[in-house]
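Working notes, structure below.
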Amino acid sequence: MTEEALKGNALKIDHTTPDRGWMDPAVEFRKGTYCYPASVKHMNYLGLPNPREWQPYDQDWKLPKNWKSILLEGMKDRLKRYRSYKLFLDICVRCGACADKCHFFIGSGDPKNMPVLRTELLRSIYRRYFTLSGKIFGKLTGARELTEDVVKEWFYYFYQCTECRRCSVFCPYGIDTCEMTMMARELLSLIGCNINWIVEPASNCFRTGNHLGVPPHAFKSTVDFAIDEIKEITGIEISVPINRKGAEILFISPSADYFGNPHWYTFLGYLMLFHEIGLDYTWSTYASEGGNFGLFHSADLAKRLNAKIYSEAKRLGVKWILGGECGHMWRVLHQYMDTLNGPADFLMEPVSPVTGTHFENAKSTKMVHICEFTADLIQNKKLRLDPSRNKKWKVTYHDSCNTSRGMGFFEEPRYILKQVCQEFYEMPENTIRERTFCCGSGAGLGADENMEMRLRGGLPRANAVRYVQQQYGVNLLTCICAIDKASFPPLLEYWAPGVEVAGIHELVGNALVMKGEKERIADLRGEPFEQKEENGHV
Amino acid sequence: MANKNSLYSIVAVVFLLLILLVGVQGLGWYLLFGVLIPYVAVVFFIVGFVYQVLRWASSPVPFHIPTVCGQQKSLPWIKADKMDSPQTTGGVVARLALDILFFRPLLKNDRIELQEPQKLLFKTSTYLWLGALAFHWSCLIILLRHSRFFLEPVPSVVLWLQWFDGIFQGLLPILYATDLIILLALSYLFIRRVVYPQIRYISLPSDYFVPLLILGIVVSGILMRLVYRVDLMQVKAWVMSMLSFHPTLPKGVNLLFYIHLFFVCLLIAYFPLSKLMHMPGIFLSPTRNLRNVSRSERHINPWDRPVKVHTYQEYEDEFREAMKEVGLPLEKD
């Protein structure tokens, strides 16, 4: 399917509603639209309940015998622990404002991808077993029996939500489908229905410190490789401290930064920046992951993975923590970490050692976003920048869902971009800032086997990219999310060929004029600068 | 299937109307419909409403999850959005107030249009906002106008409101502006559910039932004013007798009054069981009523529990040899 689609067989999108009502739970597991279940090995490593071999297209999912009571008990327990669950299950009026706000609905036309119906899948069971009106009036108030088909339907649709929270911006009550998806995924996990693209990275992260399963010695050689590359580009031999006790700052980024493409160039950008300002910092191999796939599974697993950050900061005796470019990582760091594993009273309120700026907004978590840090450096004129080195790029910026609706992180990256590149264009207003569209691969859905759904979910974002491409000749989409950086290249190849993807610190690295550097002839991608005589370097 | 849902509701409302007709007109059960059902309905409403709100409030908000819609407060030279990324309680109050009073999120609404081949167009779509705003505001004003039946002396605010609402009576005798607006708005909200395929698809029978019930209330109310008039002084006397727990039967009223009253009773009794609880619910919504300060102030999870973690020691034990080989610092050699 995927390859066919990529060959130019346009995906058909049909927004007409089917004749079959939504209360019928039957689902067809079509190749390309679902993720593979979690492997027994990784479930066992994490100690997750009811591991087994099964496939979504199997008739028999080999659910535990008491699956129904597990689910209902689990639901009862969660209703007690989360006000959001109770409230959001009760107060939706089905006004439909959210219907066409979901990228998966827009791209698939499947009505069960409207946020209102996605939640209704849970709500119908809640009504039947937990509300008076549902018990009395049954179907008339939208109550349904919990059957194995409903479990299959949940698995299909709650792994077709990227927890991007766009719907919650448009909902008059702020009903957040992300919360509903989190609840449903926790429930599914109780009966052993997980997807591998979440559980394997989480298990890797638990064991090796990062999602990709990079062991410490491999991390070291990756860093050495980066040092060599930077030397080749700038002529400067930098040093990169790892697991160094007594450093002032612990730096944590998503593992894709040092293993993925185009993340790698952002990684080089960080290293060059830290060298240039003489930052007293360290990487950690034990906490070599900022991202947290646990968040996509359960609050407990999110806490288990997140615990490493503070515990490593304590072991190394740093003063505060700096975090790299990542989306859901920052949702966890901003909205969850202090609650999950705080208080970080052994750390100090973050102060930039270069500018003396106090990051009061992070005075409790003690963790600062690299874009806040860099924007402060630039604003205080601590960096020499040559934006002409990025002149081949006509740049637009994609607001990542989590940094946007989870943090309100809009101006810092834009400020940096405008300082390090020459041409910057915004995508249409309905598709940026708090109204930004997801890449379609977040919340653990970036699996290759899910490619058709990813392409469909990515349509609204890609459509806006294509608009600025046609309008202004934009050829670079920048973002501050590791999942974006991984998912956009195939997406744009399909929807908006000719637009490349980069992190912000890649462009910073390009523009950064380093003390003692040789004349640069190529950018961080190794691509030679054009017409260098015309715009002689500083 | 979805069209059946609106049909179910119409049948249900007609059936309820028949019950009343038979009960009042046929059997003459005035006491039941004029005294008992109103009392029961009010008790249902109050108990149910309070119970639901307490039930929500009894569950904690374990994580700090505001939906942020504006620039965060970070560096001093970046202008923070005080309302859509609220840092203070004042900001939260302003945000909630605008959301509740003016339905701001609906104002952002846009409609997606799919153009061939696979091109998306965004069109602003404010009809839902307009319809919802017109409905809720006229509902509120009508309720306030009705407070003249419950309060003695009638507050001047209510009289003033009544005068203002009737400002067009010169053109259209004794018709309140809000009566007209609520009729139009309700019809729009109902028809929208029937006409738009997507909205029809998501609508439950109960989604049609509520506007129909309210429509019944509005129409019977308007008819009582315009055509088959009732003695308002007598109605007030009845309300007062009910409020003082010395109930009498309403005098000087007609069948329309009983229909009006019965439908109001059904609505308020059904209120706590239904989606109408969105009214108190929005105040408790954790995505809207929290400040965006989760990095500067710690949010406590009351049921926080220990989890199994993978410690640094366990990690080093597994990788010690390899780490040693590449010269990474170790805790234990």
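Numbering starts fresh at 1 for the residues of each chain in the structure tokens, the chains themselves are lettered A, B, ... in the order given, and ligands are numbered from 1 as they appear.
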
Quiz item: Skipping near chain neighbours, those fewer than 2 positions away, what residues fall within 12 Å of Thr396 in chain A using only C-alpha atoms, listed as JSON, numbers by chain?
Solution: {"A": [393, 394, 398, 399, 413, 414, 417, 418, 421, 422, 423, 424, 425, 426, 427, 428, 432, 461, 462, 464, 465, 466, 467, 468, 469, 471, 472, 473, 474, 475, 476, 477, 478, 479, 499, 500, 501, 502, 503, 504]}

Practice problem: Tell me which protein, DNA and RNA residues are within 12 Å of Leu215 in chain B, counting only C-alpha atoms, leaving out same-chain ones fewer than 4 positions away, and put them as an MDAnalysis selection string. | Solution: chainID B and resid 10 13 135 139 179:190 208:211 219:222 259:260 263:264 267

Restrict the distance test to only C-alpha atoms, flag each residue of chain A within 7 Å of chain B, and return the flagged residues as a compact mmCIF listing (two decimals) with N, CA and C atoms, in the first residue's frame.
# COMPACT_ATOMS: atom_id res chain seq x y z
N THR A 17 -20.26 10.31 5.15
CA THR A 17 -20.44 9.41 6.29
C THR A 17 -21.03 8.09 5.81
N GLY A 21 -24.04 2.92 11.38
CA GLY A 21 -23.90 3.80 12.54
C GLY A 21 -22.62 3.50 13.31
N LYS A 80 -11.66 7.28 39.37
CA LYS A 80 -11.42 7.77 40.72
C LYS A 80 -10.17 8.65 40.77
N ARG A 81 -9.19 8.34 39.93
CA ARG A 81 -7.90 9.03 40.03
C ARG A 81 -7.77 10.26 39.12
N TYR A 82 -8.63 10.36 38.11
CA TYR A 82 -8.49 11.47 37.17
C TYR A 82 -9.80 12.24 37.00
N ARG A 83 -9.81 13.48 37.41
CA ARG A 83 -11.01 14.29 37.20
C ARG A 83 -11.25 14.48 35.70
N SER A 84 -10.17 14.64 34.94
CA SER A 84 -10.33 14.87 33.51
C SER A 84 -11.14 13.74 32.86
N LYS A 86 -13.42 11.63 34.18
CA LYS A 86 -14.83 11.68 34.57
C LYS A 86 -15.53 12.82 33.84
N LEU A 87 -14.91 13.98 33.95
CA LEU A 87 -15.53 15.20 33.43
C LEU A 87 -15.71 15.12 31.91
N ASP A 90 -18.40 12.99 30.76
CA ASP A 90 -19.76 13.44 31.08
C ASP A 90 -20.25 14.63 30.25
N ILE A 91 -19.37 15.59 29.95
CA ILE A 91 -19.92 16.89 29.55
C ILE A 91 -19.96 17.18 28.06
N CYS A 92 -19.50 16.26 27.23
CA CYS A 92 -19.53 16.56 25.78
C CYS A 92 -20.97 16.71 25.31
N VAL A 93 -21.24 17.75 24.53
CA VAL A 93 -22.60 17.94 24.01
C VAL A 93 -22.70 17.52 22.53
N ARG A 94 -21.60 16.99 22.00
CA ARG A 94 -21.57 16.58 20.59
C ARG A 94 -21.98 17.73 19.67
N GLY A 96 -19.91 19.06 17.66
CA GLY A 96 -19.25 18.80 16.40
C GLY A 96 -18.17 19.80 16.02
N ALA A 97 -17.86 20.74 16.92
CA ALA A 97 -16.83 21.73 16.58
C ALA A 97 -15.47 21.06 16.36
N ASP A 100 -13.82 18.33 12.37
CA ASP A 100 -12.81 18.42 11.31
C ASP A 100 -11.56 19.13 11.78
N LEU A 117 -16.19 11.36 18.23
CA LEU A 117 -16.53 9.93 18.18
C LEU A 117 -15.45 9.07 18.78
N SER A 133 -28.28 7.09 33.60
CA SER A 133 -29.07 7.25 32.37
C SER A 133 -28.71 6.16 31.37
N LEU A 140 -30.43 4.67 23.69
CA LEU A 140 -30.97 6.00 23.41
C LEU A 140 -30.03 7.10 23.89
N THR A 141 -29.28 6.81 24.96
CA THR A 141 -28.31 7.80 25.43
C THR A 141 -26.91 7.41 24.99
N GLY A 142 -26.82 6.49 24.05
CA GLY A 142 -25.52 6.14 23.49
C GLY A 142 -24.71 5.19 24.34
N SER A 168 -8.75 20.01 21.53
CA SER A 168 -9.06 20.64 22.81
C SER A 168 -9.01 22.17 22.73
N VAL A 169 -8.32 22.70 21.72
CA VAL A 169 -8.30 24.15 21.52
C VAL A 169 -9.68 24.64 21.05
N PHE A 170 -10.33 23.82 20.24
CA PHE A 170 -11.59 24.23 19.62
C PHE A 170 -12.81 23.83 20.44
N CYS A 171 -12.63 22.91 21.39
CA CYS A 171 -13.76 22.46 22.19
C CYS A 171 -14.18 23.56 23.15
N PRO A 172 -15.48 23.87 23.20
CA PRO A 172 -15.91 24.93 24.11
C PRO A 172 -15.63 24.61 25.58
N TYR A 173 -15.42 23.33 25.90
CA TYR A 173 -15.12 22.97 27.31
C TYR A 173 -13.69 22.51 27.49
N GLY A 174 -12.91 22.58 26.43
CA GLY A 174 -11.53 22.13 26.53
C GLY A 174 -11.38 20.63 26.67
N PHE A 206 14.49 1.91 29.25
CA PHE A 206 14.60 1.47 30.63
C PHE A 206 15.97 0.82 30.86
N ARG A 207 16.40 0.00 29.89
CA ARG A 207 17.64 -0.76 30.06
C ARG A 207 18.88 0.08 29.72
N PRO A 216 26.34 2.46 26.24
CA PRO A 216 27.23 3.60 26.52
C PRO A 216 28.46 3.69 25.59
N HIS A 217 29.06 2.52 25.28
CA HIS A 217 30.27 2.58 24.44
C HIS A 217 29.91 3.04 23.02
N ASN A 243 29.18 11.82 31.09
CA ASN A 243 29.12 11.28 32.46
C ASN A 243 30.13 11.97 33.38
N TYR A 286 23.49 7.23 30.92
CA TYR A 286 22.38 6.61 31.67
C TYR A 286 21.08 7.36 31.38
N ASP A 300 2.39 5.46 34.72
CA ASP A 300 3.43 4.76 35.48
C ASP A 300 4.71 4.58 34.67
N ARG A 304 8.50 5.94 35.26
CA ARG A 304 9.67 5.04 35.36
C ARG A 304 10.80 5.52 34.46
N HIS A 334 7.72 19.75 30.95
CA HIS A 334 7.03 20.97 31.34
C HIS A 334 5.82 20.67 32.22
N GLN A 335 5.02 19.69 31.83
CA GLN A 335 3.75 19.49 32.55
C GLN A 335 3.77 18.31 33.52
N TYR A 336 4.72 17.39 33.41
CA TYR A 336 4.65 16.18 34.22
C TYR A 336 5.84 15.95 35.16
N ASP A 338 7.99 17.46 37.19
CA ASP A 338 8.07 17.92 38.57
C ASP A 338 7.08 17.13 39.44
N THR A 339 5.90 16.87 38.88
CA THR A 339 4.88 16.11 39.59
C THR A 339 5.30 14.65 39.73
N GLU A 360 13.58 32.16 35.41
CA GLU A 360 12.62 32.03 36.50
C GLU A 360 11.46 31.12 36.16
N ASN A 361 11.16 31.05 34.86
CA ASN A 361 10.04 30.18 34.47
C ASN A 361 10.33 28.71 34.74
N ALA A 362 11.61 28.38 35.01
CA ALA A 362 11.97 26.99 35.27
C ALA A 362 12.51 26.83 36.69
N LYS A 363 12.09 27.71 37.58
CA LYS A 363 12.73 27.71 38.90
C LYS A 363 12.37 26.50 39.74
N SER A 364 11.30 25.78 39.39
CA SER A 364 10.97 24.59 40.16
C SER A 364 11.51 23.31 39.52
N THR A 365 11.31 23.15 38.21
CA THR A 365 11.82 21.94 37.55
C THR A 365 13.32 22.00 37.33
N ARG A 405 0.83 23.42 22.38
CA ARG A 405 -0.35 23.38 23.25
C ARG A 405 -0.01 22.90 24.65
N GLY A 406 1.18 22.33 24.82
CA GLY A 406 1.58 21.91 26.16
C GLY A 406 2.36 22.99 26.89
N MET A 407 3.03 23.88 26.13
CA MET A 407 3.92 24.85 26.77
C MET A 407 3.63 26.30 26.40
N GLY A 408 3.17 26.54 25.18
CA GLY A 408 3.05 27.91 24.69
C GLY A 408 4.40 28.41 24.19
N PHE A 409 5.09 27.54 23.48
CA PHE A 409 6.46 27.80 23.04
C PHE A 409 6.45 28.28 21.59
N PHE A 410 6.18 29.55 21.38
CA PHE A 410 6.00 30.03 20.00
C PHE A 410 7.10 30.98 19.54
N GLU A 411 7.45 31.95 20.37
CA GLU A 411 8.33 33.03 19.90
C GLU A 411 9.81 32.70 19.97
N GLU A 434 -0.96 27.68 18.32
CA GLU A 434 -1.80 26.72 19.05
C GLU A 434 -2.69 25.92 18.12
N ASN A 463 -0.05 19.93 3.55
CA ASN A 463 -0.81 20.81 2.66
C ASN A 463 -0.41 22.27 2.89

Practice problem: Give me the residues within 12 Å of Ala269 in chain B as a ChimeraX atom specification, counting only C-alpha atoms and dropping any in the same chain fewer than 6 places off. | Solution: /A:133 /B:37-49,210,262-263,276-277

Quiz item: as a list of chain:residue names, which residues of range 101-304 of chain A does DSSP assign to strand (DSSP E or B)?
Solution: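 Selecting the strand (DSSP E or B) positions of range 101-304 of chain A gives A:Ile195, A:Ile242, A:Ile249, A:Leu250, A:Phe251, A:Ile252, A:Tyr281, A:Thr282, A:Trp283.
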
Practice problem: Enter the distance from CA of Asn3 in chain B to CA of Ile191 in chain B, in Å, rounded to one decimal. | Solution: 11.7 Å

Select from range 336-438 of chain A every residue with an atom at most 9 Å from any atom of range 266-277 of chain A, then for each give the shortest pair of atoms and their distance in Å to one decimal, using only C-alpha atoms, rows by chain and rising number, as a Markdown table.
| residue | atom | partner | partner_atom | distance |
| --- | --- | --- | --- | --- |
| A:Val354 | CA | A:Ile277 | CA | 7.2 |
| A:Ile370 | CA | A:Tyr270 | CA | 8.8 |
| A:Thr374 | CA | A:Leu273 | CA | 8.8 |
| A:Lys382 | CA | A:Ile277 | CA | 8.1 |
| A:Leu383 | CA | A:Ile277 | CA | 8.1 |

Could you write those residues out with C-alpha atoms, as an mmCIF file, in the first residue's frame?
data_model
loop_
_atom_site.group_PDB
_atom_site.id
_atom_site.type_symbol
_atom_site.label_atom_id
_atom_site.label_comp_id
_atom_site.auth_asym_id
_atom_site.auth_seq_id
_atom_site.Cartn_x
_atom_site.Cartn_y
_atom_site.Cartn_z
ATOM 1 C CA VAL A 354 27.116 33.272 29.730
ATOM 2 C CA ILE A 370 17.686 24.863 24.493
ATOM 3 C CA THR A 374 19.992 30.098 22.713
ATOM 4 C CA LYS A 382 26.905 36.604 22.807
ATOM 5 C CA LEU A 383 27.040 34.797 19.476
#

Self-check item: Nearby residues (only C-alpha atoms) at most 10 Å from Gly356 in chain A, same-chain spacing under 3 positions excluded, as a ChimeraX atom specification
Solution: /A:350-353,359,376-377,380

Exercise. Would you kindly return, as a ChimeraX atom specification, each protein, DNA or RNA residue with an atom no farther than 10 Å from any atom of Asp386 in chain A, considering only C-alpha atoms and excluding same-chain residues fewer than 3 positions away?
Key: /A:383,389-391,419-422,508,510-513,535,537-538

Same residues, N, CA and C atoms, saved as a PDB file, in the first residue's frame:
ATOM      1  N   LEU A 383      26.641  35.674  20.573  1.00  0.00           N
ATOM      2  CA  LEU A 383      27.040  34.797  19.476  1.00  0.00           C
ATOM      3  C   LEU A 383      27.307  35.631  18.246  1.00  0.00           C
ATOM      4  N   ARG A 389      25.119  32.004   5.580  1.00  0.00           N
ATOM      5  CA  ARG A 389      25.478  30.593   5.390  1.00  0.00           C
ATOM      6  C   ARG A 389      24.230  29.712   5.265  1.00  0.00           C
ATOM      7  N   ASN A 390      23.094  30.261   5.628  1.00  0.00           N
ATOM      8  CA  ASN A 390      21.842  29.511   5.460  1.00  0.00           C
ATOM      9  C   ASN A 390      21.031  30.069   4.297  1.00  0.00           C
ATOM     10  N   LYS A 391      21.711  30.790   3.421  1.00  0.00           N
ATOM     11  CA  LYS A 391      20.913  31.534   2.435  1.00  0.00           C
ATOM     12  C   LYS A 391      20.258  30.652   1.390  1.00  0.00           C
ATOM     13  N   GLN A 419      17.181  35.190  13.289  1.00  0.00           N
ATOM     14  CA  GLN A 419      18.557  35.656  13.445  1.00  0.00           C
ATOM     15  C   GLN A 419      19.558  34.813  12.651  1.00  0.00           C
ATOM     16  N   VAL A 420      19.205  33.561  12.389  1.00  0.00           N
ATOM     17  CA  VAL A 420      20.202  32.691  11.756  1.00  0.00           C
ATOM     18  C   VAL A 420      19.931  32.403  10.284  1.00  0.00           C
ATOM     19  N   CYS A 421      18.775  32.824   9.785  1.00  0.00           N
ATOM     20  CA  CYS A 421      18.559  32.602   8.362  1.00  0.00           C
ATOM     21  C   CYS A 421      18.022  33.873   7.725  1.00  0.00           C
ATOM     22  N   GLN A 422      18.026  33.915   6.418  1.00  0.00           N
ATOM     23  CA  GLN A 422      17.691  35.166   5.728  1.00  0.00           C
ATOM     24  C   GLN A 422      16.250  35.267   5.306  1.00  0.00           C
ATOM     25  N   VAL A 508      21.500  27.096  13.468  1.00  0.00           N
ATOM     26  CA  VAL A 508      22.377  27.840  14.382  1.00  0.00           C
ATOM     27  C   VAL A 508      23.826  27.430  14.135  1.00  0.00           C
ATOM     28  N   ASN A 510      25.161  26.201  11.476  1.00  0.00           N
ATOM     29  CA  ASN A 510      25.632  26.749  10.205  1.00  0.00           C
ATOM     30  C   ASN A 510      26.045  28.205  10.348  1.00  0.00           C
ATOM     31  N   ALA A 511      25.204  28.975  11.010  1.00  0.00           N
ATOM     32  CA  ALA A 511      25.428  30.423  11.071  1.00  0.00           C
ATOM     33  C   ALA A 511      26.486  30.803  12.098  1.00  0.00           C
ATOM     34  N   LEU A 512      26.731  29.931  13.048  1.00  0.00           N
ATOM     35  CA  LEU A 512      27.630  30.269  14.156  1.00  0.00           C
ATOM     36  C   LEU A 512      29.072  30.481  13.682  1.00  0.00           C
ATOM     37  N   VAL A 513      29.564  31.677  13.907  1.00  0.00           N
ATOM     38  CA  VAL A 513      30.958  31.962  13.556  1.00  0.00           C
ATOM     39  C   VAL A 513      31.800  31.637  14.783  1.00  0.00           C
ATOM     40  N   ASN A 535      29.245  36.493  -0.995  1.00  0.00           N
ATOM     41  CA  ASN A 535      28.912  36.770   0.396  1.00  0.00           C
ATOM     42  C   ASN A 535      30.039  36.281   1.309  1.00  0.00           C
ATOM     43  N   HIS A 537      32.595  35.112   3.871  1.00  0.00           N
ATOM     44  CA  HIS A 537      32.344  34.828   5.289  1.00  0.00           C
ATOM     45  C   HIS A 537      33.105  35.779   6.176  1.00  0.00           C
ATOM     46  N   VAL A 538      32.601  35.945   7.354  1.00  0.00           N
ATOM     47  CA  VAL A 538      33.240  36.835   8.318  1.00  0.00           C
ATOM     48  C   VAL A 538      34.561  36.240   8.768  1.00  0.00           C
TER      49      VAL A 538
END

Exercise. Excluding Val318 in chain A and residues on its chain fewer than 3 positions from it, collect all residues at most 6 Å away from it, counting only C-alpha atoms, and give them as JSON, numbers by chain.
Key: {"A": [246, 247, 248, 249, 313]}

Only C-alpha atoms, please: the residues just picked out, written as a PDB file, in the first residue's frame.
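Wrote selection.pdb, looks like this:
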ATOM      1  CA  GLY A 246      30.678  18.204  38.876  1.00  0.00           C
ATOM      2  CA  ALA A 247      29.679  19.825  35.601  1.00  0.00           C
ATOM      3  CA  GLU A 248      27.401  22.817  35.961  1.00  0.00           C
ATOM      4  CA  ILE A 249      24.789  21.637  33.499  1.00  0.00           C
ATOM      5  CA  ALA A 313      21.391  15.059  37.736  1.00  0.00           C
TER       6      ALA A 313
END
